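**Q** Just target-v4.pdb, nothing more (PDB, C-alpha atoms and all ligand atoms):
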ATOM      1  CA  MET D   1       3.637  -2.970 -14.921
ATOM      2  CA  ASP D   2       7.379  -3.005 -14.414
ATOM      3  CA  VAL D   3       7.436  -6.508 -12.998
ATOM      4  CA  LEU D   4      10.999  -6.946 -14.184
ATOM      5  CA  ASN D   5      12.002  -3.945 -12.115
ATOM      6  CA  GLY D   6      10.751  -5.638  -9.003
ATOM      7  CA  GLN D   7       7.379  -3.928  -8.659
ATOM      8  CA  GLN D   8       4.702  -6.239  -7.385
ATOM      9  CA  LYS D   9       1.582  -4.595  -8.714
ATOM     10  CA  SER D  10       0.602  -4.437 -12.335
ATOM     11  CA  PRO D  11      -1.636  -1.424 -12.913
ATOM     12  CA  ASP D  12      -4.649  -1.806 -15.144
ATOM     13  CA  ARG D  13      -3.439  -0.641 -18.556
ATOM     14  CA  SER D  14      -6.844   0.775 -19.491
ATOM     15  CA  LEU D  15      -6.660   3.000 -16.410
ATOM     16  CA  CYS D  16      -3.239   4.236 -17.536
ATOM     17  CA  GLU D  17      -4.722   5.116 -20.887
ATOM     18  CA  ASP D  18      -7.691   6.885 -19.273
ATOM     19  CA  MET D  19      -5.351   8.856 -17.024
ATOM     20  CA  SER D  20      -2.979   9.848 -19.814
ATOM     21  CA  ASN D  21      -5.870  10.942 -22.003
ATOM     22  CA  ALA D  22      -7.409  12.935 -19.139
ATOM     23  CA  LYS D  23      -4.104  14.717 -18.617
ATOM     24  CA  LYS D  24      -3.960  15.599 -22.318
ATOM     25  CA  ARG D  25      -7.495  17.016 -22.202
ATOM     26  CA  TYR D  26      -6.562  18.997 -19.077
ATOM     27  CA  ASP D  27      -3.519  20.448 -20.836
ATOM     28  CA  GLU D  28      -5.651  21.518 -23.766
ATOM     29  CA  TRP D  29      -8.208  23.054 -21.432
ATOM     30  CA  ILE D  30      -5.665  24.943 -19.338
ATOM     31  CA  GLU D  31      -3.926  26.207 -22.455
ATOM     32  CA  GLN D  32      -7.162  27.824 -23.605
ATOM     33  CA  HIS D  33      -7.722  29.338 -20.185
ATOM     34  CA  ARG D  34      -4.157  30.461 -19.726
ATOM     35  CA  ALA D  35      -4.651  32.479 -22.871
ATOM     36  CA  LYS D  36      -7.490  34.224 -21.070
ATOM     37  CA  GLY D  37      -5.412  34.815 -17.958
ATOM     38  CA  LEU D  38      -7.366  32.382 -15.823
ATOM     39  CA  ASP D  39      -4.659  29.997 -14.697
ATOM     40  CA  LEU D  40      -4.540  30.168 -10.932
ATOM     41  CA  ASP D  41      -0.849  29.478 -10.661
ATOM     42  CA  GLU D  42      -0.089  32.500 -12.789
ATOM     43  CA  ALA D  43      -2.666  34.604 -10.979
ATOM     44  CA  LEU D  44      -1.125  33.736  -7.621
ATOM     45  CA  LYS D  45       2.314  34.684  -8.888
ATOM     46  CA  GLY D  46       0.872  37.902 -10.234
ATOM     47  CA  SER D  47      -0.038  41.189  -8.728
ATOM     48  CA  LEU D  48      -2.551  40.095  -6.113
ATOM     49  CA  ALA D  49      -0.317  37.502  -4.531
ATOM     50  CA  LYS D  50       2.647  39.886  -4.405
ATOM     51  CA  SER D  51       1.023  41.571  -1.453
ATOM     52  CA  ASP D  52       1.066  38.218   0.357
ATOM     53  CA  ASP D  53      -2.360  39.137   1.608
ATOM     54  CA  PRO D  54      -4.234  35.994   2.713
ATOM     55  CA  LEU D  55      -7.573  37.528   1.784
ATOM     56  CA  ALA D  56      -6.433  38.227  -1.780
ATOM     57  CA  LYS D  57      -5.242  34.640  -2.099
ATOM     58  CA  ILE D  58      -8.444  33.234  -0.595
ATOM     59  CA  CYS D  59     -10.576  35.232  -2.980
ATOM     60  CA  LEU D  60      -8.497  34.027  -5.925
ATOM     61  CA  VAL D  61      -8.575  30.388  -4.845
ATOM     62  CA  ALA D  62     -12.299  30.492  -4.086
ATOM     63  CA  ASP D  63     -13.112  32.061  -7.414
ATOM     64  CA  TRP D  64     -10.829  29.740  -9.336
ATOM     65  CA  GLY D  65     -12.431  26.754  -7.660
ATOM     66  CA  SER D  66     -15.867  28.307  -8.033
ATOM     67  CA  ILE D  67     -16.579  27.652  -4.373
ATOM     68  CA  PRO D  68     -20.284  28.510  -4.183
ATOM     69  CA  SER D  69     -20.716  31.776  -2.313
ATOM     70  CA  GLN D  70     -23.272  30.185   0.015
ATOM     71  CA  THR D  71     -20.749  27.577   1.186
ATOM     72  CA  LEU D  72     -17.963  30.081   1.839
ATOM     73  CA  PRO D  73     -19.589  33.503   2.165
ATOM     74  CA  PHE D  74     -17.360  36.555   1.943
ATOM     75  CA  GLU D  75     -17.624  37.059   5.720
ATOM     76  CA  ASP D  76     -16.130  33.583   6.130
ATOM     77  CA  GLN D  77     -13.390  34.363   3.631
ATOM     78  CA  ILE D  78     -12.461  37.349   5.795
ATOM     79  CA  ARG D  79     -12.581  35.182   8.925
ATOM     80  CA  VAL D  80     -10.354  32.534   7.322
ATOM     81  CA  ALA D  81      -7.881  35.230   6.200
ATOM     82  CA  LYS D  82      -7.711  36.532   9.773
ATOM     83  CA  GLU D  83      -7.148  32.994  11.016
ATOM     84  CA  ILE D  84      -4.326  32.441   8.511
ATOM     85  CA  ARG D  85      -2.622  35.660   9.618
ATOM     86  CA  GLU D  86      -2.904  34.716  13.279
ATOM     87  CA  LYS D  87      -1.738  31.129  12.774
ATOM     88  CA  ARG D  88       1.296  31.872  10.600
ATOM     89  CA  ASN D  89       3.415  30.070  13.187
ATOM     90  CA  ILE D  90       1.494  26.856  12.437
ATOM     91  CA  LEU D  91       0.894  27.218   8.699
ATOM     92  CA  GLY D  92       4.321  28.677   7.838
ATOM     93  CA  PRO D  93       6.360  25.545   8.646
ATOM     94  CA  LEU D  94       3.922  23.426   6.605
ATOM     95  CA  MET D  95       5.145  25.201   3.474
ATOM     96  CA  SER D  96       8.105  22.834   3.583
ATOM     97  CA  LEU D  97       5.907  19.732   3.246
ATOM     98  CA  LYS D  98       7.361  17.638   0.441
ATOM     99  CA  GLU D  99       6.143  14.614  -1.453
ATOM    100  CA  ASP D 100       8.174  12.479   0.924
ATOM    101  CA  TRP D 101       4.858  11.813   2.579
ATOM    102  CA  LEU D 102       4.037   9.464  -0.310
ATOM    103  CA  GLN D 103       6.648   7.119   1.148
ATOM    104  CA  ASN D 104       6.187   8.081   4.786
ATOM    105  CA  HIS D 105       2.543   8.792   5.415
ATOM    106  CA  GLN D 106       3.216   9.841   8.983
ATOM    107  CA  LEU D 107       4.558  13.128   7.577
ATOM    108  CA  MET D 108       1.105  13.913   6.167
ATOM    109  CA  ARG D 109      -0.633  12.840   9.349
ATOM    110  CA  ASN D 110       1.675  15.089  11.367
ATOM    111  CA  ALA D 111       0.993  18.010   9.027
ATOM    112  CA  VAL D 112      -2.758  17.561   9.374
ATOM    113  CA  GLU D 113      -2.437  17.370  13.164
ATOM    114  CA  GLU D 114      -0.878  20.837  12.980
ATOM    115  CA  ILE D 115      -3.629  22.137  10.689
ATOM    116  CA  LYS D 116      -6.216  20.894  13.168
ATOM    117  CA  LYS D 117      -4.840  23.468  15.619
ATOM    118  CA  THR D 118      -6.207  26.162  13.322
ATOM    119  CA  GLU D 119      -9.804  26.993  12.540
ATOM    120  CA  LEU D 120      -9.247  26.865   8.810
ATOM    121  CA  LEU D 121     -12.170  24.498   8.431
ATOM    122  CA  LYS D 122     -14.499  25.851  11.078
ATOM    123  CA  PRO D 123     -17.764  26.486   9.268
ATOM    124  CA  HIS D 124     -19.294  29.463  11.101
ATOM    125  CA  GLY D 125     -21.792  30.689   8.526
ATOM    126  CA  ALA D 126     -20.772  28.151   5.914
ATOM    127  CA  LYS D 127     -23.464  25.636   5.166
ATOM    128  CA  ALA D 128     -21.465  22.985   3.432
ATOM    129  CA  ASN D 129     -18.234  21.090   3.755
ATOM    130  CA  ASN D 130     -15.480  23.550   2.981
ATOM    131  CA  LEU D 131     -12.768  20.907   2.939
ATOM    132  CA  SER D 132     -12.790  21.543  -0.791
ATOM    133  CA  PHE D 133     -11.781  25.151  -0.222
ATOM    134  CA  ALA D 134      -9.340  24.344   2.601
ATOM    135  CA  SER D 135      -7.513  21.697   0.549
ATOM    136  CA  LYS D 136      -7.269  24.094  -2.411
ATOM    137  CA  PHE D 137      -5.824  26.790  -0.190
ATOM    138  CA  LEU D 138      -3.297  24.313   1.252
ATOM    139  CA  HIS D 139      -2.308  23.056  -2.202
ATOM    140  CA  TRP D 140      -1.931  26.446  -3.861
ATOM    141  CA  CYS D 141      -0.818  28.696  -1.041
ATOM    142  CA  VAL D 142       0.946  26.448   1.494
ATOM    143  CA  SER D 143       2.502  23.468  -0.308
ATOM    144  CA  PRO D 144       1.589  21.715  -3.572
ATOM    145  CA  SER D 145       2.261  18.451  -1.760
ATOM    146  CA  PHE D 146      -1.174  18.732  -0.109
ATOM    147  CA  PRO D 147      -3.661  16.990  -2.420
ATOM    148  CA  ILE D 148      -6.815  18.833  -3.426
ATOM    149  CA  PHE D 149     -10.128  17.301  -2.496
ATOM    150  CA  ASP D 150     -13.298  18.318  -4.310
ATOM    151  CA  SER D 151     -16.350  16.747  -5.863
ATOM    152  CA  TYR D 152     -14.612  16.137  -9.197
ATOM    153  CA  SER D 153     -11.577  14.462  -7.703
ATOM    154  CA  LEU D 154     -13.815  12.459  -5.345
ATOM    155  CA  ALA D 155     -15.893  11.164  -8.260
ATOM    156  CA  ALA D 156     -12.750  10.148 -10.146
ATOM    157  CA  MET D 157     -11.133   8.622  -7.071
ATOM    158  CA  LYS D 158     -14.152   6.443  -6.396
ATOM    159  CA  LYS D 159     -13.809   5.098  -9.917
ATOM    160  CA  MET D 160     -10.033   4.679  -9.826
ATOM    161  CA  SER D 161      -9.278   3.491  -6.321
ATOM    162  CA  ARG D 162      -8.330  -0.135  -6.045
ATOM    163  CA  LYS D 163      -9.847  -0.365  -2.598
ATOM    164  CA  GLU D 164     -13.373   0.410  -1.516
ATOM    165  CA  PHE D 165     -13.632   4.170  -1.442
ATOM    166  CA  SER D 166     -16.996   4.888   0.024
ATOM    167  CA  ALA D 167     -16.409   7.488   2.710
ATOM    168  CA  ASN D 168     -18.311  10.714   2.318
ATOM    169  CA  PRO D 169     -16.656  13.567   4.193
ATOM    170  CA  SER D 170     -19.745  15.734   4.092
ATOM    171  CA  SER D 171     -21.506  13.256   6.341
ATOM    172  CA  SER D 172     -18.821  13.678   9.007
ATOM    173  CA  LYS D 173     -18.711  16.334  11.646
ATOM    174  CA  TYR D 174     -16.364  19.070  10.612
ATOM    175  CA  GLU D 175     -13.937  18.179  13.399
ATOM    176  CA  SER D 176     -13.404  14.775  11.844
ATOM    177  CA  ARG D 177     -13.041  15.988   8.281
ATOM    178  CA  TRP D 178      -9.322  16.583   8.712
ATOM    179  CA  ASP D 179      -9.018  13.018  10.003
ATOM    180  CA  TRP D 180     -10.821  11.824   6.898
ATOM    181  CA  TYR D 181      -8.477  13.919   4.748
ATOM    182  CA  ALA D 182      -5.385  12.626   6.562
ATOM    183  CA  SER D 183      -6.445   9.009   6.204
ATOM    184  CA  GLU D 184      -9.028   8.089   3.579
ATOM    185  CA  TRP D 185      -8.251  10.833   1.064
ATOM    186  CA  THR D 186      -4.483  11.040   1.231
ATOM    187  CA  ASP D 187      -4.227   7.218   1.467
ATOM    188  CA  GLY D 188      -6.154   7.006  -1.794
ATOM    189  CA  ILE D 189      -4.007   9.655  -3.482
ATOM    190  CA  ARG D 190      -0.807   8.020  -2.270
ATOM    191  CA  ASP D 191      -1.838   4.560  -3.526
ATOM    192  CA  LEU D 192      -2.899   5.923  -6.896
ATOM    193  CA  ILE D 193       0.357   7.840  -7.367
ATOM    194  CA  ASN D 194       2.502   4.945  -6.237
ATOM    195  CA  ASP D 195       0.618   2.488  -8.489
ATOM    196  CA  HIS D 196       0.908   4.694 -11.562
ATOM    197  CA  ARG D 197       4.160   6.508 -10.934
ATOM    198  CA  GLN D 198       6.229   4.678 -13.551
ATOM    199  CA  CYS D 199       3.621   3.464 -16.007
ATOM    200  CA  CYS D 200       1.918   6.752 -16.849
ATOM    201  CA  LEU D 201       2.123   9.579 -14.293
ATOM    202  CA  MET D 202       5.775  10.459 -14.748
ATOM    203  CA  LYS D 203       5.186  10.550 -18.501
ATOM    204  CA  SER D 204       2.393  13.091 -17.980
ATOM    205  CA  GLN D 205       4.265  15.103 -15.357
ATOM    206  CA  GLN D 206       5.145  18.622 -16.330
ATOM    207  CA  GLU D 207       8.603  19.978 -15.676
ATOM    208  CA  GLY D 208       8.941  21.360 -12.190
ATOM    209  CA  GLU D 209       5.692  19.984 -10.828
ATOM    210  CA  GLY D 210       5.211  17.257  -8.244
ATOM    211  CA  LEU D 211       3.154  14.152  -8.877
ATOM    212  CA  VAL D 212       0.472  15.414  -6.467
ATOM    213  CA  ARG D 213      -0.099  18.281  -8.921
ATOM    214  CA  THR D 214      -0.103  15.854 -11.849
ATOM    215  CA  ILE D 215      -2.636  13.495 -10.265
ATOM    216  CA  ASP D 216      -4.823  16.478  -9.385
ATOM    217  CA  LYS D 217      -5.020  17.448 -13.043
ATOM    218  CA  VAL D 218      -5.877  13.863 -14.004
ATOM    219  CA  LEU D 219      -8.543  13.417 -11.322
ATOM    220  CA  TRP D 220     -10.087  16.815 -11.949
ATOM    221  CA  GLN D 221     -10.422  16.162 -15.661
ATOM    222  CA  MET D 222     -11.815  12.654 -15.158
ATOM    223  CA  GLY D 223     -14.300  13.878 -12.558
ATOM    224  CA  LYS D 224     -15.322  16.771 -14.771
ATOM    225  CA  ASP D 225     -15.957  14.379 -17.654
ATOM    226  CA  MET D 226     -18.021  12.133 -15.373
ATOM    227  CA  LYS D 227     -20.190  14.896 -13.954
ATOM    228  CA  PRO D 228     -19.885  17.899 -16.232
ATOM    229  CA  LYS D 229     -22.599  20.022 -14.687
ATOM    230  CA  ARG D 230     -21.861  19.631 -11.016
ATOM    231  CA  GLY D 231     -19.106  20.251  -8.543
ATOM    232  CA  GLY D 232     -16.120  22.559  -8.379
ATOM    233  CA  ASN D 233     -15.670  24.091 -11.749
ATOM    234  CA  ARG D 234     -12.128  25.382 -11.807
ATOM    235  CA  SER D 235     -12.674  28.038 -14.340
ATOM    236  CA  ASN D 236     -14.213  31.418 -14.184
ATOM    237  CA  LYS D 237     -17.955  30.971 -13.713
ATOM    238  CA  LYS D 238     -18.719  33.729 -16.156
ATOM    239  CA  ASP D 239     -16.597  32.022 -18.741
ATOM    240  CA  THR D 240     -18.260  28.619 -18.936
TER     241      THR D 240
HETATM  242 ZN    ZN H   1      -0.527   3.944 -15.058
END
If you convert what's in this file into structure tokens, what do you get?
Ligand SMILES: [Zn+2]
**A**
Amino acid sequence: MDVLNGQQKSPDRSLCEDMSNAKKRYDEWIEQHRAKGLDLDEALKGSLAKSDDPLAKICLVADWGSIPSQTLPFEDQIRVAKEIREKRNILGPLMSLKEDWLQNHQLMRNAVEEIKKTELLKPHGAKANNLSFASKFLHWCVSPSFPIFDSYSLAAMKKMSRKEFSANPSSSKYESRWDWYASEWTDGIRDLINDHRQCCLMKSQQEGEGLVRTIDKVLWQMGKDMKPKRGGNRSNKKDT
């Protein structure tokens, strides 16, 4: 919208309104859940995460995201935790990933090339696409600059994206899902953030958080409103 400031694109004002309203509804929702001690960020900073035990973090992230137990069985959670411990040399440096990748996408592609050297996504017993879990782990436990992918954010992204957004990662072989994440998904997130940075996102941004966190809140809320009974419900299952 800031044509006078030299920006070329003029974001759809109704989208800005939808996004701002979604962020407000998210804030209201998280406030209720924070009161019940269910906010993941606080849980991760709390007692379980103090041990820096990957398994404790995985269990927290999986439960917070309500990853169905059949898609990431406990045996797989243990296997992933073992993998994270063994591949600290690969995952550790990725903790320094910053939102610079929004301007230089090669930084994200390089990061994903490193992740592909791990078996974080290897399904073993898992039946479904656990990119949802893997992206949540990366976002919460490695760097918040990694965008979360899940069914809610996918539904919202398909609605919001200014380009055709038709790829379905679950139809890909698991080896190519990281490629899909590094291209289709993060391209979409980058474009959305860059289009709405000035007009609405920075106004919704909370102190101390990056815009990748802000857009996640917006997309999650919009996706949840679009498909309330399906997908990754980021609250305690028993509570909703
Ligand atoms: Zn906007």
**Q** Considering all atoms listed in the file, can you say which of D:Leu131, D:Lys227, D:Asn194, D:Lys217 comes closest to ligand ZN 1 (chain H)?
**A**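 Checking each candidate against ligand ZN 1 (chain H), we get D:Asn194 as the closest.
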**Q** Return as number ranges by chain the residues of protein, DNA or RNA that approach ligand ZN 1 (chain H) to within 12 Å, with only C-alpha atoms and all ligand atoms taken into account.
**A** D: 1-2, 9-21, 23, 160, 191-204, 215, 218
**Q** How far is it from atom CA of Ser161 of chain D to atom CA of Asp39 of chain D, in Å with one decimal?
**A**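 Between atom CA of Ser161 of chain D and atom CA of Asp39 of chain D the gap works out to 28.2 Å.
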**Q** Which neighbours of Leu40 of chain D fall inside 10 Å, counting all atoms listed in the file, when residues of the same chain fewer than 2 positions from it are skipped, and could you give them as a list in words?
**A**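 The contact residues come out as Ile30, His33, Arg34, Gly37, Leu38, Glu42, Ala43, Leu44, Lys45, Gly46, Lys57, Leu60, Val61, Asp63, Trp64, Gly65, Trp140, Arg234 and Ser235 of chain D.
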**Q** Skipping near chain neighbours, those fewer than 6 positions away, what residues fall within 7 Å of Ile148 of chain D using only C-alpha atoms, listed as number ranges by chain?
**A** D: 135-136, 139, 216
**Q** Would you mind telling me which residue in D:Phe149, D:Ser183, D:Pro144, D:Ala56 lies nearest to Glu113 of chain D when using only C-alpha atoms?
**A**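 Answer, going by the shortest atom-to-atom distance: D:Ser183.
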**Q** Which residue is closest to Ile78 of chain D? Choose from D:Asp225, D:Cys59, D:Glu114, D:His105 and count all atoms listed in the file.
**A**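 Of D:Asp225, D:Cys59, D:Glu114, D:His105, the one nearest Ile78 of chain D is D:Cys59, counting all atoms listed in the file.
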**Q** Please provide as a list in words all residues within 10 Å of Leu102 of chain D, with the sequence filter that same-chain residues fewer than 2 positions apart are discarded (counting all atoms listed in the file).
**A**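 The residues that qualify are Lys98, Glu99, Asp100, Asn104, His105, Gln106, Leu107, Met108, Ser145, Thr186, Asp187, Ile189, Arg190, Asp191, Ile193, Asn194, Leu211 and Val212 of chain D.
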**Q** Applied to this file, what does the PyMOL selection byres (((chain D and resi 94) around 10) and not hetatm) return in terms of residues, put as a PDB file with C-alpha atoms, in the coordinates of the input?
**A**
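Below is the file out_8.pdb, written as the result:
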ATOM      1  CA  ARG D  88       1.296  31.872  10.600  1.00  0.00           C
ATOM      2  CA  ASN D  89       3.415  30.070  13.187  1.00  0.00           C
ATOM      3  CA  ILE D  90       1.494  26.856  12.437  1.00  0.00           C
ATOM      4  CA  LEU D  91       0.894  27.218   8.699  1.00  0.00           C
ATOM      5  CA  GLY D  92       4.321  28.677   7.838  1.00  0.00           C
ATOM      6  CA  PRO D  93       6.360  25.545   8.646  1.00  0.00           C
ATOM      7  CA  MET D  95       5.145  25.201   3.474  1.00  0.00           C
ATOM      8  CA  SER D  96       8.105  22.834   3.583  1.00  0.00           C
ATOM      9  CA  LEU D  97       5.907  19.732   3.246  1.00  0.00           C
ATOM     10  CA  LYS D  98       7.361  17.638   0.441  1.00  0.00           C
ATOM     11  CA  MET D 108       1.105  13.913   6.167  1.00  0.00           C
ATOM     12  CA  ASN D 110       1.675  15.089  11.367  1.00  0.00           C
ATOM     13  CA  ALA D 111       0.993  18.010   9.027  1.00  0.00           C
ATOM     14  CA  VAL D 112      -2.758  17.561   9.374  1.00  0.00           C
ATOM     15  CA  GLU D 114      -0.878  20.837  12.980  1.00  0.00           C
ATOM     16  CA  ILE D 115      -3.629  22.137  10.689  1.00  0.00           C
ATOM     17  CA  LEU D 138      -3.297  24.313   1.252  1.00  0.00           C
ATOM     18  CA  VAL D 142       0.946  26.448   1.494  1.00  0.00           C
ATOM     19  CA  SER D 143       2.502  23.468  -0.308  1.00  0.00           C
ATOM     20  CA  SER D 145       2.261  18.451  -1.760  1.00  0.00           C
ATOM     21  CA  PHE D 146      -1.174  18.732  -0.109  1.00  0.00           C
TER      22      PHE D 146
END
**Q** Figure out the distance between atom CA of Asp41 of chain D and atom CA of Glu75 of chain D, please, to one decimal in Å.
**A** 24.6 Å
**Q** Quote the spacing between atom CA of Arg85 of chain D and atom CA of Cys141 of chain D in Å to one decimal place.
**A**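 Answer for the atom CA of Arg85 of chain D to atom CA of Cys141 of chain D separation: 12.9 Å.
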**Q** Need the shell around Trp178 of chain D: protein/DNA/RNA residues with any atom at most 7 Å away, counting only C-alpha atoms. Skip same-chain ones fewer than 3 positions apart. Format as a count of residues only?
**A** 5
**Q** Using all atoms listed in the file, which protein or nucleic acid residues come within 8 Å of Glu119 of chain D? Drop anything in the same chain fewer than 3 positions from it, and give the result as a list in words.
**A** Val80, Glu83, Lys116 and Lys122 of chain D
**Q** Calculate, to one decimal in Å, the centre and edge lengths of the box along x, y and z of the file that holds all listed atoms of segment 27-38 of chain D with 3 Å of margin on each side, and present them as JSON.
**A**
{"center_x": -5.9, "center_y": 27.6, "center_z": -19.8, "size_x": 10.7, "size_y": 20.4, "size_z": 13.9}
**Q** Please complete segment 10-21 of chain D so it has N, CA and C atoms, and hand it over as a PDB file, in the coordinates of the input.
**A**
ATOM      1  N   SER D  10       0.656  -4.692 -10.906  1.00  0.00           N
ATOM      2  CA  SER D  10       0.602  -4.437 -12.335  1.00  0.00           C
ATOM      3  C   SER D  10      -0.640  -3.597 -12.610  1.00  0.00           C
ATOM      4  N   PRO D  11      -0.461  -2.285 -12.769  1.00  0.00           N
ATOM      5  CA  PRO D  11      -1.636  -1.424 -12.913  1.00  0.00           C
ATOM      6  C   PRO D  11      -2.447  -1.784 -14.155  1.00  0.00           C
ATOM      7  N   ASP D  12      -3.725  -1.576 -14.049  1.00  0.00           N
ATOM      8  CA  ASP D  12      -4.649  -1.806 -15.144  1.00  0.00           C
ATOM      9  C   ASP D  12      -4.287  -0.866 -16.292  1.00  0.00           C
ATOM     10  N   ARG D  13      -3.895  -1.441 -17.423  1.00  0.00           N
ATOM     11  CA  ARG D  13      -3.439  -0.641 -18.556  1.00  0.00           C
ATOM     12  C   ARG D  13      -4.515   0.315 -19.074  1.00  0.00           C
ATOM     13  N   SER D  14      -5.779  -0.110 -18.986  1.00  0.00           N
ATOM     14  CA  SER D  14      -6.844   0.775 -19.491  1.00  0.00           C
ATOM     15  C   SER D  14      -6.966   2.010 -18.608  1.00  0.00           C
ATOM     16  N   LEU D  15      -6.660   1.834 -17.298  1.00  0.00           N
ATOM     17  CA  LEU D  15      -6.660   3.000 -16.410  1.00  0.00           C
ATOM     18  C   LEU D  15      -5.545   3.959 -16.802  1.00  0.00           C
ATOM     19  N   CYS D  16      -4.377   3.400 -17.117  1.00  0.00           N
ATOM     20  CA  CYS D  16      -3.239   4.236 -17.536  1.00  0.00           C
ATOM     21  C   CYS D  16      -3.632   5.067 -18.752  1.00  0.00           C
ATOM     22  N   GLU D  17      -4.318   4.418 -19.668  1.00  0.00           N
ATOM     23  CA  GLU D  17      -4.722   5.116 -20.887  1.00  0.00           C
ATOM     24  C   GLU D  17      -5.726   6.219 -20.552  1.00  0.00           C
ATOM     25  N   ASP D  18      -6.698   5.884 -19.693  1.00  0.00           N
ATOM     26  CA  ASP D  18      -7.691   6.885 -19.273  1.00  0.00           C
ATOM     27  C   ASP D  18      -7.006   8.081 -18.620  1.00  0.00           C
ATOM     28  N   MET D  19      -6.026   7.785 -17.760  1.00  0.00           N
ATOM     29  CA  MET D  19      -5.351   8.856 -17.024  1.00  0.00           C
ATOM     30  C   MET D  19      -4.521   9.727 -17.969  1.00  0.00           C
ATOM     31  N   SER D  20      -3.808   9.079 -18.871  1.00  0.00           N
ATOM     32  CA  SER D  20      -2.979   9.848 -19.814  1.00  0.00           C
ATOM     33  C   SER D  20      -3.847  10.726 -20.705  1.00  0.00           C
ATOM     34  N   ASN D  21      -4.973  10.160 -21.148  1.00  0.00           N
ATOM     35  CA  ASN D  21      -5.870  10.942 -22.003  1.00  0.00           C
ATOM     36  C   ASN D  21      -6.491  12.105 -21.233  1.00  0.00           C
TER      37      ASN D  21
END
